[in-house]
$ cat run13.pdb   # PDB, C-alpha atoms
MODEL        1
ATOM      1  CA  MET V   1      16.690 -61.244 -40.602  1.00  0.00           C
ATOM      2  CA  SER V   2      16.872 -61.852 -36.844  1.00  0.00           C
ATOM      3  CA  ILE V   3      19.718 -60.538 -34.693  1.00  0.00           C
ATOM      4  CA  VAL V   4      21.041 -64.102 -34.381  1.00  0.00           C
ATOM      5  CA  GLU V   5      21.077 -64.570 -38.153  1.00  0.00           C
ATOM      6  CA  GLU V   6      22.783 -61.191 -38.551  1.00  0.00           C
ATOM      7  CA  LEU V   7      25.510 -62.195 -36.105  1.00  0.00           C
ATOM      8  CA  GLU V   8      26.046 -65.555 -37.804  1.00  0.00           C
ATOM      9  CA  LYS V   9      26.352 -63.799 -41.176  1.00  0.00           C
ATOM     10  CA  TYR V  10      28.697 -61.127 -39.789  1.00  0.00           C
ATOM     11  CA  ALA V  11      30.907 -63.699 -38.073  1.00  0.00           C
ATOM     12  CA  LYS V  12      31.202 -65.766 -41.247  1.00  0.00           C
ATOM     13  CA  GLU V  13      32.001 -62.766 -43.456  1.00  0.00           C
ATOM     14  CA  ASN V  14      34.555 -61.352 -41.010  1.00  0.00           C
ATOM     15  CA  LYS V  15      36.025 -64.685 -39.913  1.00  0.00           C
ATOM     16  CA  ILE V  16      35.153 -64.137 -36.271  1.00  0.00           C
ATOM     17  CA  PRO V  17      35.036 -67.436 -34.345  1.00  0.00           C
ATOM     18  CA  ILE V  18      31.642 -68.088 -32.783  1.00  0.00           C
ATOM     19  CA  MET V  19      30.223 -71.314 -31.439  1.00  0.00           C
ATOM     20  CA  GLN V  20      29.021 -73.717 -34.129  1.00  0.00           C
ATOM     21  CA  LYS V  21      25.254 -73.892 -34.518  1.00  0.00           C
ATOM     22  CA  ASP V  22      24.677 -77.396 -33.149  1.00  0.00           C
ATOM     23  CA  GLY V  23      27.036 -76.615 -30.271  1.00  0.00           C
ATOM     24  CA  ILE V  24      25.226 -73.451 -29.182  1.00  0.00           C
ATOM     25  CA  LEU V  25      21.836 -75.156 -29.545  1.00  0.00           C
ATOM     26  CA  TYR V  26      23.061 -77.980 -27.307  1.00  0.00           C
ATOM     27  CA  LEU V  27      24.307 -75.424 -24.764  1.00  0.00           C
ATOM     28  CA  CYS V  28      20.990 -73.536 -24.779  1.00  0.00           C
ATOM     29  CA  ASN V  29      19.047 -76.779 -24.308  1.00  0.00           C
ATOM     30  CA  TYR V  30      21.377 -77.701 -21.448  1.00  0.00           C
ATOM     31  CA  ILE V  31      20.634 -74.354 -19.807  1.00  0.00           C
ATOM     32  CA  LYS V  32      16.882 -74.876 -20.143  1.00  0.00           C
ATOM     33  CA  ASN V  33      16.893 -78.512 -19.052  1.00  0.00           C
ATOM     34  CA  ASN V  34      19.032 -77.834 -15.987  1.00  0.00           C
ATOM     35  CA  ASN V  35      17.387 -74.570 -14.945  1.00  0.00           C
ATOM     36  CA  ILE V  36      20.618 -72.585 -15.186  1.00  0.00           C
ATOM     37  CA  LYS V  37      20.086 -69.097 -13.757  1.00  0.00           C
ATOM     38  CA  SER V  38      23.592 -67.595 -13.726  1.00  0.00           C
ATOM     39  CA  VAL V  39      26.435 -67.889 -16.242  1.00  0.00           C
ATOM     40  CA  LEU V  40      29.992 -66.577 -16.331  1.00  0.00           C
ATOM     41  CA  GLU V  41      31.285 -66.568 -19.901  1.00  0.00           C
ATOM     42  CA  ILE V  42      34.988 -66.182 -20.639  1.00  0.00           C
ATOM     43  CA  GLY V  43      35.229 -64.759 -24.156  1.00  0.00           C
ATOM     44  CA  SER V  44      32.320 -62.696 -25.474  1.00  0.00           C
ATOM     45  CA  ALA V  45      33.547 -62.106 -29.040  1.00  0.00           C
ATOM     46  CA  ILE V  46      30.635 -60.233 -30.685  1.00  0.00           C
ATOM     47  CA  GLY V  47      28.083 -61.365 -28.093  1.00  0.00           C
ATOM     48  CA  TYR V  48      26.605 -64.253 -30.097  1.00  0.00           C
ATOM     49  CA  SER V  49      26.683 -66.995 -27.451  1.00  0.00           C
ATOM     50  CA  ALA V  50      25.727 -64.615 -24.620  1.00  0.00           C
ATOM     51  CA  ILE V  51      22.681 -63.489 -26.595  1.00  0.00           C
ATOM     52  CA  MET V  52      21.734 -67.087 -27.390  1.00  0.00           C
ATOM     53  CA  MET V  53      22.113 -68.163 -23.756  1.00  0.00           C
ATOM     54  CA  ALA V  54      20.227 -65.138 -22.427  1.00  0.00           C
ATOM     55  CA  SER V  55      17.395 -65.886 -24.859  1.00  0.00           C
ATOM     56  CA  SER V  56      17.147 -69.530 -23.838  1.00  0.00           C
ATOM     57  CA  GLN V  57      15.016 -68.882 -20.755  1.00  0.00           C
ATOM     58  CA  ASN V  58      13.506 -66.004 -18.820  1.00  0.00           C
ATOM     59  CA  GLU V  59      15.227 -66.024 -15.430  1.00  0.00           C
ATOM     60  CA  ILE V  60      18.888 -66.017 -16.339  1.00  0.00           C
ATOM     61  CA  HIS V  61      21.761 -63.559 -16.144  1.00  0.00           C
ATOM     62  CA  ILE V  62      24.991 -63.752 -18.121  1.00  0.00           C
ATOM     63  CA  THR V  63      28.229 -62.073 -17.070  1.00  0.00           C
ATOM     64  CA  THR V  64      30.590 -62.137 -20.041  1.00  0.00           C
ATOM     65  CA  ILE V  65      34.185 -60.937 -20.405  1.00  0.00           C
ATOM     66  CA  GLU V  66      35.938 -59.757 -23.580  1.00  0.00           C
ATOM     67  CA  LYS V  67      39.382 -58.186 -23.648  1.00  0.00           C
ATOM     68  CA  ASP V  68      39.427 -57.100 -27.318  1.00  0.00           C
ATOM     69  CA  ILE V  69      37.994 -53.568 -27.396  1.00  0.00           C
ATOM     70  CA  ASP V  70      36.639 -53.787 -30.949  1.00  0.00           C
ATOM     71  CA  ARG V  71      34.788 -57.023 -30.300  1.00  0.00           C
ATOM     72  CA  TYR V  72      33.602 -55.687 -26.965  1.00  0.00           C
ATOM     73  CA  ASN V  73      32.117 -52.618 -28.629  1.00  0.00           C
ATOM     74  CA  LEU V  74      30.385 -54.785 -31.219  1.00  0.00           C
ATOM     75  CA  ALA V  75      29.041 -57.059 -28.498  1.00  0.00           C
ATOM     76  CA  VAL V  76      27.660 -54.077 -26.570  1.00  0.00           C
ATOM     77  CA  GLN V  77      25.862 -52.876 -29.700  1.00  0.00           C
ATOM     78  CA  ASN V  78      24.492 -56.346 -30.436  1.00  0.00           C
ATOM     79  CA  ILE V  79      23.294 -56.913 -26.878  1.00  0.00           C
ATOM     80  CA  LYS V  80      21.498 -53.571 -26.981  1.00  0.00           C
ATOM     81  CA  LYS V  81      19.989 -54.398 -30.373  1.00  0.00           C
ATOM     82  CA  ALA V  82      18.706 -57.681 -28.934  1.00  0.00           C
ATOM     83  CA  ASN V  83      17.181 -55.771 -25.969  1.00  0.00           C
ATOM     84  CA  LEU V  84      19.074 -57.949 -23.508  1.00  0.00           C
ATOM     85  CA  GLU V  85      20.991 -55.332 -21.489  1.00  0.00           C
ATOM     86  CA  ASN V  86      19.051 -56.370 -18.375  1.00  0.00           C
ATOM     87  CA  LYS V  87      20.122 -60.014 -18.768  1.00  0.00           C
ATOM     88  CA  ILE V  88      23.722 -59.605 -19.927  1.00  0.00           C
ATOM     89  CA  THR V  89      26.554 -57.770 -18.156  1.00  0.00           C
ATOM     90  CA  ILE V  90      29.615 -57.423 -20.358  1.00  0.00           C
ATOM     91  CA  LYS V  91      33.052 -56.400 -19.129  1.00  0.00           C
ATOM     92  CA  ASN V  92      35.974 -55.182 -21.258  1.00  0.00           C
ATOM     93  CA  MET V  93      39.010 -56.696 -19.586  1.00  0.00           C
ATOM     94  CA  ASP V  94      41.386 -59.635 -19.540  1.00  0.00           C
ATOM     95  CA  ALA V  95      39.670 -62.520 -17.761  1.00  0.00           C
ATOM     96  CA  ASN V  96      42.955 -63.228 -15.977  1.00  0.00           C
ATOM     97  CA  GLU V  97      42.474 -59.901 -14.190  1.00  0.00           C
ATOM     98  CA  TYR V  98      38.797 -60.377 -13.376  1.00  0.00           C
ATOM     99  CA  SER V  99      37.937 -61.213  -9.786  1.00  0.00           C
ATOM    100  CA  THR V 100      34.536 -61.864  -8.231  1.00  0.00           C
ATOM    101  CA  ASN V 101      32.998 -63.538  -5.199  1.00  0.00           C
ATOM    102  CA  ASN V 102      29.832 -64.362  -7.122  1.00  0.00           C
ATOM    103  CA  LYS V 103      28.750 -67.952  -7.635  1.00  0.00           C
ATOM    104  CA  TYR V 104      27.527 -69.253 -10.976  1.00  0.00           C
ATOM    105  CA  ASP V 105      25.524 -72.262 -12.115  1.00  0.00           C
ATOM    106  CA  LEU V 106      27.615 -72.468 -15.271  1.00  0.00           C
ATOM    107  CA  ILE V 107      31.034 -71.201 -16.271  1.00  0.00           C
ATOM    108  CA  PHE V 108      31.553 -71.226 -20.037  1.00  0.00           C
ATOM    109  CA  ILE V 109      35.155 -71.080 -21.295  1.00  0.00           C
ATOM    110  CA  ASP V 110      35.367 -69.986 -24.933  1.00  0.00           C
ATOM    111  CA  ALA V 111      38.370 -67.689 -25.151  1.00  0.00           C
ATOM    112  CA  SER V 112      42.059 -68.151 -26.057  1.00  0.00           C
ATOM    113  CA  LYS V 113      42.607 -71.899 -26.158  1.00  0.00           C
ATOM    114  CA  GLY V 114      46.048 -71.683 -24.590  1.00  0.00           C
ATOM    115  CA  ASN V 115      44.493 -70.319 -21.387  1.00  0.00           C
ATOM    116  CA  ASN V 116      41.770 -72.942 -20.874  1.00  0.00           C
ATOM    117  CA  GLN V 117      43.454 -74.566 -17.896  1.00  0.00           C
ATOM    118  CA  LYS V 118      44.331 -71.221 -16.317  1.00  0.00           C
ATOM    119  CA  PHE V 119      40.713 -70.047 -16.617  1.00  0.00           C
ATOM    120  CA  PHE V 120      39.399 -73.361 -15.281  1.00  0.00           C
ATOM    121  CA  GLN V 121      41.579 -73.178 -12.189  1.00  0.00           C
ATOM    122  CA  LYS V 122      40.982 -69.462 -11.639  1.00  0.00           C
ATOM    123  CA  PHE V 123      37.179 -69.641 -11.703  1.00  0.00           C
ATOM    124  CA  LYS V 124      36.349 -73.143 -10.435  1.00  0.00           C
ATOM    125  CA  ASP V 125      35.715 -71.813  -6.933  1.00  0.00           C
ATOM    126  CA  ASN V 126      33.057 -69.494  -8.376  1.00  0.00           C
ATOM    127  CA  LEU V 127      30.858 -72.484  -9.165  1.00  0.00           C
ATOM    128  CA  ASP V 128      27.598 -72.764  -7.262  1.00  0.00           C
ATOM    129  CA  ASN V 129      26.472 -76.079  -5.797  1.00  0.00           C
ATOM    130  CA  CYS V 130      26.340 -78.652  -8.594  1.00  0.00           C
ATOM    131  CA  GLY V 131      27.562 -76.041 -11.073  1.00  0.00           C
ATOM    132  CA  VAL V 132      29.418 -77.055 -14.215  1.00  0.00           C
ATOM    133  CA  ILE V 133      32.298 -75.753 -16.292  1.00  0.00           C
ATOM    134  CA  ILE V 134      31.759 -76.098 -20.037  1.00  0.00           C
ATOM    135  CA  THR V 135      34.606 -75.600 -22.521  1.00  0.00           C
ATOM    136  CA  ASP V 136      34.279 -75.274 -26.294  1.00  0.00           C
ATOM    137  CA  ASN V 137      36.604 -76.096 -29.232  1.00  0.00           C
ATOM    138  CA  LEU V 138      38.234 -79.231 -27.855  1.00  0.00           C
ATOM    139  CA  SER V 139      38.427 -80.701 -31.347  1.00  0.00           C
ATOM    140  CA  PHE V 140      39.783 -77.456 -32.816  1.00  0.00           C
ATOM    141  CA  HIS V 141      38.323 -78.064 -36.258  1.00  0.00           C
ATOM    142  CA  GLY V 142      39.349 -81.720 -36.172  1.00  0.00           C
ATOM    143  CA  LEU V 143      43.052 -80.971 -35.740  1.00  0.00           C
ATOM    144  CA  VAL V 144      43.250 -82.507 -32.254  1.00  0.00           C
ATOM    145  CA  GLU V 145      42.195 -85.859 -33.707  1.00  0.00           C
ATOM    146  CA  ASN V 146      44.047 -85.377 -37.013  1.00  0.00           C
ATOM    147  CA  PRO V 147      47.364 -83.644 -36.271  1.00  0.00           C
ATOM    148  CA  GLU V 148      48.680 -84.577 -39.709  1.00  0.00           C
ATOM    149  CA  LEU V 149      46.445 -81.802 -41.096  1.00  0.00           C
ATOM    150  CA  ILE V 150      48.209 -79.074 -39.097  1.00  0.00           C
ATOM    151  CA  GLN V 151      49.988 -76.618 -41.392  1.00  0.00           C
ATOM    152  CA  THR V 152      51.668 -74.051 -39.132  1.00  0.00           C
ATOM    153  CA  LYS V 153      53.803 -74.097 -35.996  1.00  0.00           C
ATOM    154  CA  ARG V 154      51.407 -71.687 -34.294  1.00  0.00           C
ATOM    155  CA  THR V 155      48.520 -74.068 -34.860  1.00  0.00           C
ATOM    156  CA  GLN V 156      50.666 -76.966 -33.686  1.00  0.00           C
ATOM    157  CA  LYS V 157      51.315 -75.161 -30.391  1.00  0.00           C
ATOM    158  CA  LEU V 158      47.610 -74.432 -29.915  1.00  0.00           C
ATOM    159  CA  VAL V 159      46.684 -78.052 -30.563  1.00  0.00           C
ATOM    160  CA  GLU V 160      49.294 -79.202 -28.048  1.00  0.00           C
ATOM    161  CA  LYS V 161      47.836 -76.852 -25.435  1.00  0.00           C
ATOM    162  CA  ILE V 162      44.344 -78.205 -26.078  1.00  0.00           C
ATOM    163  CA  LYS V 163      45.637 -81.772 -25.722  1.00  0.00           C
ATOM    164  CA  ASN V 164      47.327 -80.802 -22.459  1.00  0.00           C
ATOM    165  CA  TYR V 165      44.043 -79.301 -21.258  1.00  0.00           C
ATOM    166  CA  ILE V 166      42.188 -82.516 -22.091  1.00  0.00           C
ATOM    167  CA  THR V 167      44.787 -84.445 -20.109  1.00  0.00           C
ATOM    168  CA  PHE V 168      44.292 -81.990 -17.231  1.00  0.00           C
ATOM    169  CA  LEU V 169      40.533 -82.649 -17.321  1.00  0.00           C
ATOM    170  CA  ASP V 170      40.939 -86.414 -17.570  1.00  0.00           C
ATOM    171  CA  THR V 171      43.322 -86.603 -14.610  1.00  0.00           C
ATOM    172  CA  ASN V 172      41.584 -84.026 -12.420  1.00  0.00           C
ATOM    173  CA  LYS V 173      40.701 -85.563  -9.054  1.00  0.00           C
ATOM    174  CA  GLU V 174      38.242 -82.785  -8.133  1.00  0.00           C
ATOM    175  CA  PHE V 175      36.144 -82.796 -11.303  1.00  0.00           C
ATOM    176  CA  LYS V 176      34.650 -85.453 -13.549  1.00  0.00           C
ATOM    177  CA  THR V 177      34.464 -84.503 -17.211  1.00  0.00           C
ATOM    178  CA  THR V 178      32.334 -85.817 -20.046  1.00  0.00           C
ATOM    179  CA  TYR V 179      32.791 -84.872 -23.695  1.00  0.00           C
ATOM    180  CA  ILE V 180      29.944 -84.079 -26.047  1.00  0.00           C
ATOM    181  CA  PRO V 181      30.621 -84.479 -29.806  1.00  0.00           C
ATOM    182  CA  VAL V 182      28.599 -81.458 -30.933  1.00  0.00           C
ATOM    183  CA  GLY V 183      29.905 -78.379 -32.693  1.00  0.00           C
ATOM    184  CA  ASP V 184      33.669 -78.282 -32.263  1.00  0.00           C
ATOM    185  CA  LYS V 185      33.376 -80.691 -29.302  1.00  0.00           C
ATOM    186  CA  ILE V 186      32.619 -79.468 -25.792  1.00  0.00           C
ATOM    187  CA  SER V 187      33.455 -80.716 -22.309  1.00  0.00           C
ATOM    188  CA  ILE V 188      31.207 -80.647 -19.258  1.00  0.00           C
ATOM    189  CA  SER V 189      33.028 -80.782 -15.929  1.00  0.00           C
ATOM    190  CA  ARG V 190      31.317 -81.135 -12.532  1.00  0.00           C
ATOM    191  CA  ARG V 191      32.726 -81.609  -9.062  1.00  0.00           C
ATOM    192  CA  ILE V 192      32.943 -85.251  -8.033  1.00  0.00           C
ATOM    193  CA  ILE V 193      31.873 -84.465  -4.455  1.00  0.00           C
ATOM    194  CA  ASP V 194      28.682 -82.851  -5.779  1.00  0.00           C
ATOM    195  CA  GLU V 195      27.825 -85.990  -7.731  1.00  0.00           C
ATOM    196  CA  GLN V 196      28.280 -88.086  -4.599  1.00  0.00           C
ATOM    197  CA  ASN V 197      26.481 -85.854  -2.116  1.00  0.00           C
ATOM    198  CA  ASN V 198      23.632 -84.422  -4.161  1.00  0.00           C
ATOM    199  CA  SER V 199      20.721 -86.640  -5.086  1.00  0.00           C
ATOM    200  CA  ASN V 200      19.785 -84.433  -8.038  1.00  0.00           C
ATOM    201  CA  PRO V 201      22.958 -83.208  -9.732  1.00  0.00           C
ATOM    202  CA  LYS V 202      22.844 -81.258 -12.987  1.00  0.00           C
ATOM    203  CA  LYS V 203      23.342 -83.682 -15.839  1.00  0.00           C
TER     204      LYS V 203
ENDMDL
END

$ encode --input "run13.pdb" --output "structure tokens"
Amino acid sequence: MSIVEELEKYAKENKIPIMQKDGILYLCNYIKNNNIKSVLEIGSAIGYSAIMMASSQNEIHITTIEKDIDRYNLAVQNIKKANLENKITIKNMDANEYSTNNKYDLIFIDASKGNNQKFFQKFKDNLDNCGVIITDNLSFHGLVENPELIQTKRTQKLVEKIKNYITFLDTNKEFKTTYIPVGDKISISRRIIDEQNNSNPKK
């Protein structure tokens, strides 16, 4: 069993949310097709998506942030097991407290859904030229489109926050966002000025 299969099995058995298979495969293909070299990931969980992204091409480095100490420790072990310590830097901290001057080709938001907009606004200036911000779980298991299936008030609040984030993306005058119906639905946001001024933007 490969490390990826082990992580998928572990996540399923322990009910740890990781990116759905078709979603992560789409993301890895996007990285390859657009020659992404640097990624900032908000939300490592057990390291599954960081390992997948780091394995998608040779010249790439992932910086990933996880605030939960148990998941962080698991991710560290898994990254080491995958022999990817040289391609993945993982930090145990709240992303709200993380600060960097580094620029990234891709910023991947896959953490607490209620903080999507906060993370987007905090890290958007860390995008490199023609960089993109990708966010996962915008369908939230179909509940965004089918609110009648919501069973708890906590879930209702999360769904409302995701809807508010989608509205934020749709009305954002700095970024243009497209939605991809893979996995649990992802968004790809790129600066409008980059689309206008660059003859070869990342698609």

$ residues_around --input "run13.pdb" --residues "segment 81-83 of chain V" --least-positions-apart "6" --cutoff "9 Å" --atoms "only C-alpha atoms" --output "ChimeraX atom specification"
/V:3-4,51

$ residues_near_point --input "run13.pdb" --point "(27.3, -70.0, -10.2)" --cutoff "6 Å" --atoms "all atoms listed in the file" --output "PDB file with C-alpha atoms, in the coordinates of the input"
ATOM      1  CA  SER V  38      23.592 -67.595 -13.726  1.00  0.00           C
ATOM      2  CA  LYS V 103      28.750 -67.952  -7.635  1.00  0.00           C
ATOM      3  CA  TYR V 104      27.527 -69.253 -10.976  1.00  0.00           C
ATOM      4  CA  ASP V 105      25.524 -72.262 -12.115  1.00  0.00           C
ATOM      5  CA  LEU V 106      27.615 -72.468 -15.271  1.00  0.00           C
ATOM      6  CA  LEU V 127      30.858 -72.484  -9.165  1.00  0.00           C
ATOM      7  CA  ASP V 128      27.598 -72.764  -7.262  1.00  0.00           C
TER       8      ASP V 128
END

$ residues_around --input "run13.pdb" --residues "Phe119 of chain V" --least-positions-apart "5" --cutoff "10 Å" --atoms "only C-alpha atoms" --output "list in words"
Ile42, Ala95, Asn96, Ile107, Phe108, Ile109, Asp110, Ala111, Ser112, Lys113, Gly114 and Lys124 of chain V

$ residues_around --input "run13.pdb" --residues "Arg190 of chain V" --least-positions-apart "5" --cutoff "8 Å" --atoms "all atoms listed in the file" --output "list in words"
Cys130, Gly131, Val132, Ile133, Phe175, Lys176, Thr177 and Glu195 of chain V

$ atom_distance --input "run13.pdb" --atom1 "atom CA of Ile193 of chain V" --atom2 "atom CA of Cys28 of chain V"
25.5 Å

$ atom_distance --input "run13.pdb" --atom1 "atom CA of Ser189 of chain V" --atom2 "atom CA of Gly43 of chain V"
18.1 Å

$ atom_distance --input "run13.pdb" --atom1 "atom CA of Asp184 of chain V" --atom2 "atom CA of Thr155 of chain V"
15.7 Å

$ residues_around --input "run13.pdb" --residues "Lys87 of chain V" --least-positions-apart "6" --cutoff "9 Å" --atoms "only C-alpha atoms" --output "list in words"
Ile51, Ala54, Ser55, Asn58, Glu59, Ile60, His61, Ile62 and Thr63 of chain V

$ resolve_selection --input "run13.pdb" --expression "the PyMOL selection byres ((chain V and resi 159) around 9)" --output "mmCIF file with C-alpha atoms, in the frame of the given file"
data_model
loop_
_atom_site.group_PDB
_atom_site.id
_atom_site.type_symbol
_atom_site.label_atom_id
_atom_site.label_comp_id
_atom_site.auth_asym_id
_atom_site.auth_seq_id
_atom_site.Cartn_x
_atom_site.Cartn_y
_atom_site.Cartn_z
ATOM 1 C CA LYS V 113 42.607 -71.899 -26.158
ATOM 2 C CA GLY V 114 46.048 -71.683 -24.590
ATOM 3 C CA LEU V 138 38.234 -79.231 -27.855
ATOM 4 C CA SER V 139 38.427 -80.701 -31.347
ATOM 5 C CA PHE V 140 39.783 -77.456 -32.816
ATOM 6 C CA LEU V 143 43.052 -80.971 -35.740
ATOM 7 C CA VAL V 144 43.250 -82.507 -32.254
ATOM 8 C CA PRO V 147 47.364 -83.644 -36.271
ATOM 9 C CA ILE V 150 48.209 -79.074 -39.097
ATOM 10 C CA ARG V 154 51.407 -71.687 -34.294
ATOM 11 C CA THR V 155 48.520 -74.068 -34.860
ATOM 12 C CA GLN V 156 50.666 -76.966 -33.686
ATOM 13 C CA LYS V 157 51.315 -75.161 -30.391
ATOM 14 C CA LEU V 158 47.610 -74.432 -29.915
ATOM 15 C CA GLU V 160 49.294 -79.202 -28.048
ATOM 16 C CA LYS V 161 47.836 -76.852 -25.435
ATOM 17 C CA ILE V 162 44.344 -78.205 -26.078
ATOM 18 C CA LYS V 163 45.637 -81.772 -25.722
ATOM 19 C CA ASN V 164 47.327 -80.802 -22.459
#

$ closest_residue --input "run13.pdb" --among "V:Ser187, V:Ile46, V:Lys37, V:Asn126" --to "Asn92 of chain V" --atoms "only C-alpha atoms"
V:Ile46

$ residues_around --input "run13.pdb" --residues "Ile69 of chain V" --least-positions-apart "2" --cutoff "12 Å" --atoms "all atoms listed in the file" --output "CSV table (one decimal) with C-alpha atoms, keeping the file's coordinate frame"
chain,number,residue,atom,x,y,z
V,43,GLY,CA,35.2,-64.8,-24.2
V,44,SER,CA,32.3,-62.7,-25.5
V,45,ALA,CA,33.5,-62.1,-29.0
V,46,ILE,CA,30.6,-60.2,-30.7
V,65,ILE,CA,34.2,-60.9,-20.4
V,66,GLU,CA,35.9,-59.8,-23.6
V,67,LYS,CA,39.4,-58.2,-23.6
V,71,ARG,CA,34.8,-57.0,-30.3
V,72,TYR,CA,33.6,-55.7,-27.0
V,73,ASN,CA,32.1,-52.6,-28.6
V,74,LEU,CA,30.4,-54.8,-31.2
V,75,ALA,CA,29.0,-57.1,-28.5
V,76,VAL,CA,27.7,-54.1,-26.6
V,90,ILE,CA,29.6,-57.4,-20.4
V,91,LYS,CA,33.1,-56.4,-19.1
V,92,ASN,CA,36.0,-55.2,-21.3
V,93,MET,CA,39.0,-56.7,-19.6
V,94,ASP,CA,41.4,-59.6,-19.5
